[in-house]
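Enquirer: I am sharing run_23.cif, which consists of mmCIF, C-alpha atoms:
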```cif
data_upload
#
loop_
_atom_site.group_PDB
_atom_site.id
_atom_site.type_symbol
_atom_site.label_atom_id
_atom_site.label_comp_id
_atom_site.auth_asym_id
_atom_site.auth_seq_id
_atom_site.Cartn_x
_atom_site.Cartn_y
_atom_site.Cartn_z
ATOM 1 C CA MET A 270 12.258 22.760 7.942
ATOM 2 C CA LEU A 271 12.871 20.885 4.700
ATOM 3 C CA SER A 272 15.974 21.883 2.759
ATOM 4 C CA ILE A 273 16.083 24.159 -0.227
ATOM 5 C CA GLY A 274 16.424 22.198 -3.469
ATOM 6 C CA THR A 275 14.390 19.190 -2.257
ATOM 7 C CA PRO A 276 10.986 18.209 -3.669
ATOM 8 C CA ALA A 277 7.956 19.527 -1.789
ATOM 9 C CA PRO A 278 5.848 16.744 -0.231
ATOM 10 C CA ASP A 279 2.466 16.171 -1.817
ATOM 11 C CA PHE A 280 -0.734 17.197 -0.072
ATOM 12 C CA ASN A 281 -4.456 16.825 -0.610
ATOM 13 C CA LEU A 282 -6.429 19.007 1.787
ATOM 14 C CA TYR A 283 -9.828 20.623 2.122
ATOM 15 C CA SER A 284 -10.000 24.418 2.024
ATOM 16 C CA THR A 285 -13.785 24.704 2.338
ATOM 17 C CA PRO A 286 -16.386 21.912 2.664
ATOM 18 C CA GLY A 287 -16.710 21.868 -1.130
ATOM 19 C CA GLN A 288 -13.107 22.164 -2.267
ATOM 20 C CA ARG A 289 -9.794 20.317 -2.022
ATOM 21 C CA TYR A 290 -6.327 21.339 -3.189
ATOM 22 C CA THR A 291 -3.293 19.234 -4.081
ATOM 23 C CA LEU A 292 0.281 20.263 -4.847
ATOM 24 C CA GLN A 293 -0.321 19.355 -8.519
ATOM 25 C CA ASP A 294 -3.017 22.017 -8.754
ATOM 26 C CA PHE A 295 -0.209 24.587 -8.604
ATOM 27 C CA GLN A 296 2.096 22.996 -11.187
ATOM 28 C CA GLY A 297 3.716 25.603 -13.416
ATOM 29 C CA LYS A 298 3.203 28.293 -10.799
ATOM 30 C CA ASN A 299 5.254 29.365 -7.847
ATOM 31 C CA LEU A 300 3.482 28.431 -4.627
ATOM 32 C CA ILE A 301 3.802 30.150 -1.271
ATOM 33 C CA MET A 302 2.836 27.861 1.617
ATOM 34 C CA ALA A 303 2.244 29.777 4.836
ATOM 35 C CA PHE A 304 1.889 27.423 7.815
ATOM 36 C CA TYR A 305 0.404 29.258 10.804
ATOM 37 C CA PRO A 306 -0.767 28.235 14.294
ATOM 38 C CA ALA A 307 -4.482 29.004 14.196
ATOM 39 C CA ASP A 308 -7.381 30.905 12.664
ATOM 40 C CA TRP A 309 -8.606 33.848 14.773
ATOM 41 C CA SER A 310 -5.471 34.428 16.845
ATOM 42 C CA PRO A 311 -4.361 38.057 16.485
ATOM 43 C CA VAL A 312 -0.924 37.720 14.874
ATOM 44 C CA CYS A 313 -2.092 35.124 12.346
ATOM 45 C CA GLY A 314 -4.978 37.414 11.498
ATOM 46 C CA ASP A 315 -2.579 40.198 10.668
ATOM 47 C CA GLN A 316 -0.347 37.858 8.688
ATOM 48 C CA MET A 317 -3.166 36.442 6.563
ATOM 49 C CA SER A 318 -4.695 39.925 6.125
ATOM 50 C CA LEU A 319 -1.333 41.201 4.894
ATOM 51 C CA TYR A 320 -1.021 38.405 2.310
ATOM 52 C CA ASN A 321 -4.611 39.071 1.303
ATOM 53 C CA GLU A 322 -3.586 42.597 0.264
ATOM 54 C CA MET A 323 -0.608 41.259 -1.664
ATOM 55 C CA LEU A 324 -2.289 38.838 -4.064
ATOM 56 C CA GLN A 325 -1.685 41.130 -7.023
ATOM 57 C CA LEU A 326 2.003 41.476 -6.150
ATOM 58 C CA PHE A 327 2.242 37.675 -5.887
ATOM 59 C CA ARG A 328 0.426 37.241 -9.190
ATOM 60 C CA LYS A 329 2.984 39.483 -10.880
ATOM 61 C CA GLN A 330 5.589 36.897 -9.830
ATOM 62 C CA ASN A 331 3.461 34.019 -11.185
ATOM 63 C CA ALA A 332 2.748 32.926 -7.621
ATOM 64 C CA ALA A 333 -0.243 31.603 -5.715
ATOM 65 C CA ILE A 334 -0.498 31.414 -1.930
ATOM 66 C CA VAL A 335 -2.166 29.010 0.492
ATOM 67 C CA GLY A 336 -2.376 29.216 4.268
ATOM 68 C CA VAL A 337 -2.173 25.942 6.236
ATOM 69 C CA SER A 338 -3.307 25.301 9.800
ATOM 70 C CA VAL A 339 -4.864 22.411 11.743
ATOM 71 C CA ASP A 340 -8.244 24.164 11.870
ATOM 72 C CA SER A 341 -11.149 22.382 10.164
ATOM 73 C CA LYS A 342 -12.662 23.287 6.799
ATOM 74 C CA TRP A 343 -15.696 24.764 8.571
ATOM 75 C CA CYS A 344 -13.497 26.959 10.721
ATOM 76 C CA HIS A 345 -11.529 28.075 7.651
ATOM 77 C CA GLN A 346 -14.767 28.874 5.855
ATOM 78 C CA ALA A 347 -15.971 31.122 8.681
ATOM 79 C CA TYR A 348 -12.569 32.774 9.092
ATOM 80 C CA THR A 349 -12.218 33.379 5.337
ATOM 81 C CA GLN A 350 -15.615 35.053 5.253
ATOM 82 C CA ALA A 351 -14.956 37.136 8.354
ATOM 83 C CA ARG A 352 -11.614 38.428 7.068
ATOM 84 C CA ASN A 353 -12.691 38.726 3.419
ATOM 85 C CA LEU A 354 -9.770 36.532 2.339
ATOM 86 C CA HIS A 355 -9.301 35.807 -1.364
ATOM 87 C CA PHE A 356 -6.898 32.852 -1.188
ATOM 88 C CA PRO A 357 -7.387 29.301 0.129
ATOM 89 C CA LEU A 358 -6.710 28.230 3.699
ATOM 90 C CA LEU A 359 -6.026 24.481 3.869
ATOM 91 C CA ALA A 360 -7.269 22.290 6.713
ATOM 92 C CA ASP A 361 -4.486 19.984 7.937
ATOM 93 C CA PHE A 362 -7.120 18.412 10.122
ATOM 94 C CA GLU A 363 -7.271 14.640 9.523
ATOM 95 C CA PRO A 364 -4.896 13.060 10.233
ATOM 96 C CA LYS A 365 -4.109 16.116 12.305
ATOM 97 C CA GLY A 366 -1.028 17.997 11.219
ATOM 98 C CA ALA A 367 0.161 15.276 8.807
ATOM 99 C CA VAL A 368 1.107 17.719 6.057
ATOM 100 C CA ALA A 369 2.779 20.107 8.501
ATOM 101 C CA GLN A 370 4.786 17.144 9.823
ATOM 102 C CA ALA A 371 5.835 16.172 6.291
ATOM 103 C CA TYR A 372 7.019 19.768 5.834
ATOM 104 C CA GLU A 373 8.762 19.734 9.257
ATOM 105 C CA ALA A 374 6.571 22.636 10.306
ATOM 106 C CA TYR A 375 4.626 20.996 13.151
ATOM 107 C CA ASP A 376 4.814 21.932 16.815
ATOM 108 C CA ASP A 377 4.175 18.659 18.717
ATOM 109 C CA LYS A 378 3.909 20.356 22.087
ATOM 110 C CA GLU A 379 1.186 22.801 21.088
ATOM 111 C CA GLY A 380 -0.466 20.501 18.547
ATOM 112 C CA GLN A 381 -0.426 23.175 15.851
ATOM 113 C CA CYS A 382 1.649 24.357 12.916
ATOM 114 C CA HIS A 383 4.757 26.439 13.399
ATOM 115 C CA ARG A 384 4.724 29.832 11.758
ATOM 116 C CA ALA A 385 6.705 28.617 8.757
ATOM 117 C CA LEU A 386 6.975 29.799 5.174
ATOM 118 C CA TYR A 387 7.946 27.891 2.024
ATOM 119 C CA VAL A 388 8.282 29.078 -1.551
ATOM 120 C CA ILE A 389 7.968 26.200 -4.038
ATOM 121 C CA ASP A 390 8.663 26.614 -7.749
ATOM 122 C CA GLY A 391 6.521 25.425 -10.667
ATOM 123 C CA ASN A 392 8.301 22.052 -10.698
ATOM 124 C CA GLY A 393 7.500 21.364 -7.056
ATOM 125 C CA ILE A 394 10.999 22.113 -5.739
ATOM 126 C CA ILE A 395 11.460 24.038 -2.482
ATOM 127 C CA ARG A 396 13.319 27.255 -3.247
ATOM 128 C CA TRP A 397 13.073 29.210 0.024
ATOM 129 C CA ASN A 398 12.023 28.618 3.619
ATOM 130 C CA PHE A 399 11.683 30.620 6.797
ATOM 131 C CA LEU A 400 10.718 29.759 10.367
ATOM 132 C CA SER A 401 9.340 32.656 12.409
ATOM 133 C CA PRO A 402 8.858 32.829 16.192
ATOM 134 C CA PRO A 403 5.176 31.989 16.909
ATOM 135 C CA ALA A 404 4.247 35.508 18.050
ATOM 136 C CA VAL A 405 5.983 37.362 15.220
ATOM 137 C CA ASN A 406 4.321 38.126 11.903
ATOM 138 C CA PRO A 407 7.150 37.463 9.416
ATOM 139 C CA GLY A 408 5.852 39.964 6.858
ATOM 140 C CA ALA A 409 6.472 39.295 3.194
ATOM 141 C CA ASP A 410 9.774 40.860 2.166
ATOM 142 C CA GLY A 411 11.516 37.458 2.211
ATOM 143 C CA ILE A 412 8.775 35.911 0.079
ATOM 144 C CA LEU A 413 9.028 38.641 -2.567
ATOM 145 C CA ASP A 414 12.825 38.383 -2.695
ATOM 146 C CA ALA A 415 12.597 34.609 -3.160
ATOM 147 C CA LEU A 416 9.978 34.898 -5.910
ATOM 148 C CA GLU A 417 12.021 37.504 -7.763
ATOM 149 C CA LYS A 418 15.071 35.250 -7.706
ATOM 150 C CA ILE A 419 13.079 32.358 -9.184
ATOM 151 C CA GLN A 420 11.581 34.568 -11.888
ATOM 152 C CA ALA A 421 14.953 36.134 -12.750
ATOM 153 C CA LYS A 422 16.537 32.730 -13.366
ATOM 154 C CA LYS A 423 13.823 31.772 -15.822
ATOM 155 C CA ILE A 424 14.561 34.597 -18.243
ATOM 156 C CA MET B 231 17.258 43.621 10.126
ATOM 157 C CA ALA B 232 14.530 45.157 8.009
ATOM 158 C CA LYS B 233 15.647 48.278 6.134
ATOM 159 C CA LEU B 234 13.573 51.036 4.641
ATOM 160 C CA THR B 235 13.404 50.502 0.850
ATOM 161 C CA PRO B 236 13.529 52.880 -0.923
ATOM 162 C CA PRO B 237 15.088 55.301 1.568
ATOM 163 C CA ALA B 238 13.398 58.612 2.375
ATOM 164 C CA GLY B 239 13.437 60.799 -0.713
ATOM 165 C CA PRO B 240 11.756 63.531 -2.712
ATOM 166 C CA GLN B 241 8.748 61.274 -3.445
ATOM 167 C CA ASP B 242 7.836 61.362 0.269
ATOM 168 C CA HIS B 243 5.571 63.670 2.233
ATOM 169 C CA ALA B 244 7.837 65.088 4.906
ATOM 170 C CA ARG B 245 7.710 67.544 7.771
ATOM 171 C CA GLY B 246 10.891 69.002 9.191
ATOM 172 C CA LYS B 247 14.133 69.797 7.479
ATOM 173 C CA GLU B 248 16.027 67.553 5.119
ATOM 174 C CA GLY B 249 19.240 66.599 6.857
ATOM 175 C CA ALA B 250 17.640 66.592 10.321
ATOM 176 C CA PRO B 251 19.575 64.245 12.635
ATOM 177 C CA VAL B 252 16.613 61.881 13.011
ATOM 178 C CA THR B 253 14.153 60.745 10.336
ATOM 179 C CA LEU B 254 11.016 58.938 11.480
ATOM 180 C CA VAL B 255 8.974 57.167 8.804
ATOM 181 C CA GLU B 256 5.514 55.820 9.544
ATOM 182 C CA TYR B 257 3.680 53.308 7.376
ATOM 183 C CA GLY B 258 0.051 53.926 8.235
ATOM 184 C CA ASP B 259 -3.529 53.079 7.350
ATOM 185 C CA PHE B 260 -5.963 55.967 7.863
ATOM 186 C CA GLN B 261 -8.708 53.622 9.059
ATOM 187 C CA CYS B 262 -6.547 51.471 11.330
ATOM 188 C CA PRO B 263 -7.466 52.102 14.980
ATOM 189 C CA HIS B 264 -3.847 51.568 16.098
ATOM 190 C CA CYS B 265 -2.690 54.257 13.677
ATOM 191 C CA GLY B 266 -5.444 56.475 15.068
ATOM 192 C CA LYS B 267 -4.029 55.931 18.549
ATOM 193 C CA ALA B 268 -0.479 56.572 17.395
ATOM 194 C CA PHE B 269 -1.475 59.858 15.709
ATOM 195 C CA PRO B 270 -1.555 62.120 18.814
ATOM 196 C CA ALA B 271 1.625 60.481 20.125
ATOM 197 C CA VAL B 272 3.472 61.198 16.889
ATOM 198 C CA GLU B 273 2.120 64.767 16.787
ATOM 199 C CA ASP B 274 3.410 65.370 20.307
ATOM 200 C CA ILE B 275 6.801 63.998 19.348
ATOM 201 C CA VAL B 276 6.990 66.161 16.228
ATOM 202 C CA LYS B 277 6.260 69.240 18.377
ATOM 203 C CA LYS B 278 8.636 68.315 21.197
ATOM 204 C CA ILE B 279 11.675 67.380 19.100
ATOM 205 C CA GLY B 280 11.059 70.205 16.644
ATOM 206 C CA PRO B 281 13.778 70.876 14.083
ATOM 207 C CA GLY B 282 15.776 67.834 15.163
ATOM 208 C CA LEU B 283 13.213 65.546 13.538
ATOM 209 C CA ARG B 284 12.015 64.868 10.018
ATOM 210 C CA PHE B 285 8.709 62.965 9.918
ATOM 211 C CA ILE B 286 7.493 61.098 6.840
ATOM 212 C CA PHE B 287 4.159 59.327 6.305
ATOM 213 C CA ARG B 288 3.787 56.511 3.771
ATOM 214 C CA HIS B 289 0.541 54.724 2.935
ATOM 215 C CA PHE B 290 -0.113 51.134 3.930
ATOM 216 C CA PRO B 291 -3.869 50.680 3.481
ATOM 217 C CA LEU B 292 -5.299 47.245 4.321
ATOM 218 C CA SER B 293 -8.182 47.658 1.903
ATOM 219 C CA GLU B 294 -9.841 44.290 2.492
ATOM 220 C CA SER B 295 -10.127 45.016 6.213
ATOM 221 C CA HIS B 296 -10.717 48.772 6.005
ATOM 222 C CA ALA B 297 -12.917 49.897 3.133
ATOM 223 C CA MET B 298 -12.133 53.616 3.589
ATOM 224 C CA ALA B 299 -8.369 53.212 4.015
ATOM 225 C CA LYS B 300 -7.468 53.551 0.355
ATOM 226 C CA PRO B 301 -9.979 56.295 -0.525
ATOM 227 C CA ALA B 302 -8.592 58.257 2.429
ATOM 228 C CA ALA B 303 -5.008 57.719 1.244
ATOM 229 C CA ILE B 304 -5.968 58.900 -2.247
ATOM 230 C CA ALA B 305 -7.708 61.937 -0.733
ATOM 231 C CA ALA B 306 -4.489 62.800 1.106
ATOM 232 C CA GLU B 307 -2.536 62.513 -2.150
ATOM 233 C CA ALA B 308 -5.095 64.722 -3.876
ATOM 234 C CA ALA B 309 -4.712 67.290 -1.103
ATOM 235 C CA ALA B 310 -0.938 67.078 -1.574
ATOM 236 C CA ARG B 311 -1.413 68.359 -5.127
ATOM 237 C CA GLN B 312 -2.760 71.519 -3.540
ATOM 238 C CA GLY B 313 0.035 71.607 -0.972
ATOM 239 C CA LYS B 314 -2.148 70.360 1.887
ATOM 240 C CA PHE B 315 -1.168 66.738 2.502
ATOM 241 C CA TRP B 316 -0.647 67.241 6.233
ATOM 242 C CA GLU B 317 -3.865 69.192 6.719
ATOM 243 C CA MET B 318 -5.738 66.282 5.137
ATOM 244 C CA HIS B 319 -3.703 63.707 7.107
ATOM 245 C CA HIS B 320 -4.667 65.456 10.353
ATOM 246 C CA GLY B 321 -8.283 65.888 9.327
ATOM 247 C CA ILE B 322 -8.645 62.213 8.481
ATOM 248 C CA PHE B 323 -7.156 60.953 11.749
ATOM 249 C CA GLN B 324 -9.216 63.433 13.754
ATOM 250 C CA ASN B 325 -12.367 62.119 12.072
ATOM 251 C CA GLN B 326 -11.350 58.480 11.877
ATOM 252 C CA ALA B 327 -14.481 57.269 13.680
ATOM 253 C CA ILE B 328 -16.769 58.747 11.012
ATOM 254 C CA LEU B 329 -14.732 58.162 7.857
ATOM 255 C CA SER B 330 -16.801 58.153 4.682
ATOM 256 C CA ALA B 331 -16.660 59.734 1.241
ATOM 257 C CA GLU B 332 -18.775 62.609 2.637
ATOM 258 C CA THR B 333 -16.328 63.066 5.514
ATOM 259 C CA LEU B 334 -13.392 63.283 3.088
ATOM 260 C CA PHE B 335 -15.152 66.003 1.090
ATOM 261 C CA ALA B 336 -16.088 67.830 4.287
ATOM 262 C CA ILE B 337 -12.444 67.794 5.390
ATOM 263 C CA ALA B 338 -11.359 68.941 1.921
ATOM 264 C CA GLN B 339 -13.724 71.884 2.208
ATOM 265 C CA HIS B 340 -12.714 72.627 5.777
ATOM 266 C CA ILE B 341 -9.003 72.834 4.943
ATOM 267 C CA GLY B 342 -9.737 75.100 1.994
ATOM 268 C CA LEU B 343 -9.093 72.864 -1.016
ATOM 269 C CA ASP B 344 -10.381 73.762 -4.451
ATOM 270 C CA LEU B 345 -13.168 71.161 -4.435
ATOM 271 C CA GLU B 346 -13.496 70.960 -8.205
ATOM 272 C CA GLN B 347 -9.821 70.118 -8.552
ATOM 273 C CA PHE B 348 -10.017 67.722 -5.587
ATOM 274 C CA ARG B 349 -12.935 65.901 -7.203
ATOM 275 C CA ASN B 350 -10.921 65.491 -10.426
ATOM 276 C CA ASP B 351 -7.695 64.519 -8.715
ATOM 277 C CA ILE B 352 -9.167 61.695 -6.618
ATOM 278 C CA GLN B 353 -10.175 60.017 -9.883
ATOM 279 C CA ASP B 354 -6.669 60.239 -11.312
ATOM 280 C CA THR B 355 -5.234 56.700 -11.302
ATOM 281 C CA ALA B 356 -1.743 58.146 -10.830
ATOM 282 C CA LEU B 357 -2.687 58.849 -7.211
ATOM 283 C CA GLU B 358 -3.786 55.274 -6.656
ATOM 284 C CA ASP B 359 -0.497 54.148 -8.222
ATOM 285 C CA LYS B 360 1.372 56.321 -5.729
ATOM 286 C CA VAL B 361 -0.530 54.731 -2.830
ATOM 287 C CA ASP B 362 0.139 51.236 -4.230
ATOM 288 C CA ALA B 363 3.826 52.058 -4.631
ATOM 289 C CA ASP B 364 3.962 53.091 -0.966
ATOM 290 C CA PHE B 365 2.303 49.810 0.009
ATOM 291 C CA GLU B 366 4.759 47.765 -2.039
ATOM 292 C CA SER B 367 7.722 49.648 -0.598
ATOM 293 C CA GLY B 368 6.336 48.852 2.857
ATOM 294 C CA VAL B 369 6.119 45.153 2.137
ATOM 295 C CA ARG B 370 9.678 45.178 0.795
ATOM 296 C CA SER B 371 10.835 47.027 3.878
ATOM 297 C CA GLY B 372 9.381 44.326 6.129
ATOM 298 C CA VAL B 373 6.199 46.090 7.230
ATOM 299 C CA ASN B 374 3.939 43.418 8.737
ATOM 300 C CA GLY B 375 1.143 45.563 10.139
ATOM 301 C CA THR B 376 0.255 49.149 10.925
ATOM 302 C CA PRO B 377 1.526 51.404 12.236
ATOM 303 C CA SER B 378 5.120 50.418 11.399
ATOM 304 C CA PHE B 379 7.908 52.872 12.108
ATOM 305 C CA PHE B 380 11.432 53.245 10.749
ATOM 306 C CA ILE B 381 14.021 55.340 12.545
ATOM 307 C CA ASN B 382 16.847 56.496 10.282
ATOM 308 C CA GLY B 383 15.993 53.695 7.901
ATOM 309 C CA GLN B 384 15.901 50.842 10.437
ATOM 310 C CA LYS B 385 12.674 49.121 11.430
ATOM 311 C CA TYR B 386 11.534 50.003 14.937
ATOM 312 C CA ASN B 387 9.978 47.009 16.681
ATOM 313 C CA GLY B 388 8.972 48.615 19.972
ATOM 314 C CA SER B 389 5.602 49.874 21.124
ATOM 315 C CA TYR B 390 4.115 52.964 19.462
ATOM 316 C CA ASP B 391 3.224 54.825 22.657
ATOM 317 C CA GLU B 392 4.797 58.247 23.011
ATOM 318 C CA GLU B 393 7.241 57.323 25.765
ATOM 319 C CA SER B 394 8.720 54.300 23.962
ATOM 320 C CA LEU B 395 8.963 56.082 20.625
ATOM 321 C CA MET B 396 10.498 59.160 22.218
ATOM 322 C CA ALA B 397 13.105 57.066 24.025
ATOM 323 C CA SER B 398 14.188 55.524 20.718
ATOM 324 C CA LEU B 399 14.289 58.863 18.915
ATOM 325 C CA THR B 400 16.421 60.802 21.362
ATOM 326 C CA PHE B 401 19.775 59.122 21.581
#
```
Show me, as C-alpha cells, the structure contained in the file I just sent.

Expert:
Amino acid sequence: MLSIGTPAPDFNLYSTPGQRYTLQDFQGKNLIMAFYPADWSPVCGDQMSLYNEMLQLFRKQNAAIVGVSVDSKWCHQAYTQARNLHFPLLADFEPKGAVAQAYEAYDDKEGQCHRALYVIDGNGIIRWNFLSPPAVNPGADGILDALEKIQAKKI
Amino acid sequence: MAKLTPPAGPQDHARGKEGAPVTLVEYGDFQCPHCGKAFPAVEDIVKKIGPGLRFIFRHFPLSESHAMAKPAAIAAEAAARQGKFWEMHHGIFQNQAILSAETLFAIAQHIGLDLEQFRNDIQDTALEDKVDADFESGVRSGVNGTPSFFINGQKYNGSYDEESLMASLTF
C-alpha cells in the first residue's frame, strides 16, 4: 500500500463504455477508492452494495467513491445494472491492473486487485489506507472515521 | 475489534431485562433472506436463555437490494409507537416471502394496531430518521452485511446458526 501523506497516482479509466474518470475529476472532493477482486463474487457484492447504501453519508463528508477492479467496462456495466449501483466502477483492464499496481493494490498471483481501500483528499493526497483479507468485507467504519478527520481539520 | 456504537440504550427496542448478564444486538434487514433464516434461531435462543439475555434489534435495510426492507423497518417503528414493535418484527419475518405494502397492513391489522394511527405514523419522517440513524450506527460499528450480531458490545464474527450463536452467548 502507498503511504499516507503521499500523492495519489493519476488514473484514467473507463467506468462504462461511454464514460471515463480521472483523478482530476474528483479535485476538491474527498475520494474513496475501493479496489476489489472481481464483479459478481459474493463478498465484493456485499461490499459494493453496502457502499451503495452509504452514498448520502459519504456526500455529507464531501466524498465521492469509486470501485476499481480488473473487470472490463462491459462487465461493470452489467454488474452496475444488476446491483442497482449509483457510483462508478472503474475498469483497470488495459493494461491489466496498471492502476492497482501503481497503488500497490495488485495481487500478481491471482491477477486481480487486492481488497484495498484508500481515502484521498481534495488535493490528491492519500490520507488513509487499509488492506483487507480477500474474503473479508472491510465494512465502512474506517472510511467514515478517516473522512471525519479530514473534514475536522478543514474547519 | 469492532465495537457497538452507540452502546445499547433507551433508544433501542429490547426484550429481556436491563442489566441482564448478556446483551445480544442484531443489525437486520427485514427482507434479507439470511436474516429470515436467523430469525427462528434467535427466537429459540431468546426462549432458552430466558432472563439471562437481553435482545435488541436495530435496522440495517439495504434498500437498493431489497425494496421492502425500509418500508418494513418503518412499519416496525410505527408499531412500536403502539407498543407492538416485536409483534410487527415477528409478523414481518414470518411473512418475509410475501412482503408488500398490503402484507404490512395485514400484519398491522392482525396484531391489533389502530390502523388509522398506523397509516399516519408510517408517513412521519421521524420514523425514517430513526431507521437511518440505526443504519448509520451499524456502519460506524463495523457492520458489513446482515445479519450482524454484537455480544455485550463486541462484534460477533461467527456463523448465525443457533448452535454457534448459543455457544458464544453462554460462557

Enquirer: Just want the 6 Å neighbourhood of region 291-301 of chain A, counted on all atoms listed in the file, with same-chain residues fewer than 5 positions away dropped. Output as a list in words.

Expert: Asp279, Phe280, Asn281, Asn331, Ala332, Ala333, Ile334, Tyr387, Val388, Ile389, Asp390 and Gly391 of chain A

Enquirer: Translate the PyMOL selection byres ((chain A) within 12 of (chain B)), as applied to the file shown, into an explicit residue set as a VMD selection string.

Expert: chain A and resid 311 to 327 349 to 355 405 to 415 417

Enquirer: Rounded to one decimal, what separation in Å do you get between CA of His243 (chain B) and CA of Asp364 (chain B)?

Expert: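 Rounded to one decimal, the two atoms are 11.2 Å apart.
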
Enquirer: Please report the interatomic distance between CA of Lys233 (chain B) and CA of Pro270 (chain B) in Å with one decimal.

Expert: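 Computing it gives 25.5 Å between the two atoms.
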
Enquirer: If you measure from CA of Glu273 (chain B) to CA of Ala302 (chain B), what distance in Å do you get, rounded to one decimal?

Expert: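 Going from CA of Glu273 (chain B) over to CA of Ala302 (chain B) covers 19.1 Å.
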
Enquirer: Please write as a compact mmCIF listing (two decimals) with C-alpha atoms, in the frame of the given file the full residue list that the PyMOL selection byres ((chain B and resi 265-269) around 12) yields on this file.

Expert:
```
# COMPACT_ATOMS: atom_id res chain seq x y z
CA GLU B 256 5.51 55.82 9.54
CA TYR B 257 3.68 53.31 7.38
CA GLY B 258 0.05 53.93 8.24
CA ASP B 259 -3.53 53.08 7.35
CA PHE B 260 -5.96 55.97 7.86
CA GLN B 261 -8.71 53.62 9.06
CA CYS B 262 -6.55 51.47 11.33
CA PRO B 263 -7.47 52.10 14.98
CA HIS B 264 -3.85 51.57 16.10
CA PRO B 270 -1.56 62.12 18.81
CA ALA B 271 1.62 60.48 20.12
CA VAL B 272 3.47 61.20 16.89
CA GLU B 273 2.12 64.77 16.79
CA ASP B 274 3.41 65.37 20.31
CA ILE B 275 6.80 64.00 19.35
CA VAL B 276 6.99 66.16 16.23
CA PHE B 287 4.16 59.33 6.30
CA HIS B 289 0.54 54.72 2.94
CA PHE B 290 -0.11 51.13 3.93
CA PRO B 291 -3.87 50.68 3.48
CA LEU B 292 -5.30 47.24 4.32
CA ALA B 299 -8.37 53.21 4.01
CA HIS B 319 -3.70 63.71 7.11
CA HIS B 320 -4.67 65.46 10.35
CA GLY B 321 -8.28 65.89 9.33
CA ILE B 322 -8.64 62.21 8.48
CA PHE B 323 -7.16 60.95 11.75
CA GLN B 324 -9.22 63.43 13.75
CA ASN B 325 -12.37 62.12 12.07
CA GLN B 326 -11.35 58.48 11.88
CA ALA B 327 -14.48 57.27 13.68
CA LEU B 329 -14.73 58.16 7.86
CA GLY B 375 1.14 45.56 10.14
CA THR B 376 0.26 49.15 10.92
CA PRO B 377 1.53 51.40 12.24
CA SER B 378 5.12 50.42 11.40
CA PHE B 379 7.91 52.87 12.11
CA SER B 389 5.60 49.87 21.12
CA TYR B 390 4.12 52.96 19.46
CA ASP B 391 3.22 54.82 22.66
CA GLU B 392 4.80 58.25 23.01
CA GLU B 393 7.24 57.32 25.76
CA SER B 394 8.72 54.30 23.96
CA LEU B 395 8.96 56.08 20.62
```

Enquirer: Go through the shown structure with the PyMOL selection byres ((chain B and resi 237) around 12) and write out the matching residues as a list of chain:residue names.

Expert: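 Checked against the file, the PyMOL selection byres ((chain B and resi 237) around 12) matches B:Lys233, B:Leu234, B:Thr235, B:Pro236, B:Ala238, B:Gly239, B:Pro240, B:Gln241, B:Asp242, B:Thr253, B:Leu254, B:Val255, B:Ile286, B:Arg288, B:Asp364, B:Ser367, B:Gly368, B:Arg370, B:Ser371, B:Phe380, B:Ile381, B:Asn382, B:Gly383, B:Gln384, B:Lys385.
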
Enquirer: Write a file of the just-selected residues containing C-alpha atoms, as a compact mmCIF listing (two decimals), keeping the file's coordinate frame.

Expert:
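Generated output (out26.txt):
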```txt
# COMPACT_ATOMS: atom_id res chain seq x y z
CA LYS B 233 15.65 48.28 6.13
CA LEU B 234 13.57 51.04 4.64
CA THR B 235 13.40 50.50 0.85
CA PRO B 236 13.53 52.88 -0.92
CA ALA B 238 13.40 58.61 2.38
CA GLY B 239 13.44 60.80 -0.71
CA PRO B 240 11.76 63.53 -2.71
CA GLN B 241 8.75 61.27 -3.44
CA ASP B 242 7.84 61.36 0.27
CA THR B 253 14.15 60.74 10.34
CA LEU B 254 11.02 58.94 11.48
CA VAL B 255 8.97 57.17 8.80
CA ILE B 286 7.49 61.10 6.84
CA ARG B 288 3.79 56.51 3.77
CA ASP B 364 3.96 53.09 -0.97
CA SER B 367 7.72 49.65 -0.60
CA GLY B 368 6.34 48.85 2.86
CA ARG B 370 9.68 45.18 0.80
CA SER B 371 10.84 47.03 3.88
CA PHE B 380 11.43 53.24 10.75
CA ILE B 381 14.02 55.34 12.54
CA ASN B 382 16.85 56.50 10.28
CA GLY B 383 15.99 53.70 7.90
CA GLN B 384 15.90 50.84 10.44
CA LYS B 385 12.67 49.12 11.43
```

Enquirer: Could you give me, as a ChimeraX atom specification, the residues that have an atom at most 12 Å away from the point (-1.5, 55.8, -8.1) in the coordinates of the file, using all atoms listed in the file?

Expert: /B:289,300-301,303-308,351-366

Enquirer: Excluding Gln312 (chain B) and residues on its chain fewer than 6 positions from it, collect all residues at most 12 Å away from it, counting all atoms listed in the file, and give them as a list of chain:residue names.

Expert: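 Answer for this query is B:Ala305, B:Ala306, B:Met318, B:Ala338, B:Ile341, B:Gly342, B:Leu343, B:Asp344, B:Leu345, B:Glu346, B:Gln347, B:Phe348, B:Asp351.
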
Enquirer: Need the shell around Gly249 (chain B): protein/DNA/RNA residues with any atom at most 12 Å away, counting all atoms listed in the file. Skip same-chain ones fewer than 2 positions apart. Format as a list of chain:residue names?

Expert: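 The contact residues come out as B:Ala238, B:Gly239, B:Ala244, B:Arg245, B:Gly246, B:Lys247, B:Pro251, B:Val252, B:Thr253, B:Pro281, B:Gly282, B:Leu283, B:Arg284, B:Phe285, B:Asn382.
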
Enquirer: Find the spatial neighbours of Ala385 (chain A), counting only C-alpha atoms, within a cut-off of 6 Å - ignore same-chain residues fewer than 2 positions away - and output them as a PyMOL selection string.

Expert: chain A and resi 304+383+399-400

Enquirer: Determine the nearest neighbour of Met270 (chain A) from the options A:Ala374, A:Met302, A:Ile395, A:Ile419, counting all atoms listed in the file.

Expert: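 Distance minimum relative to Met270 (chain A) lands on A:Ala374.
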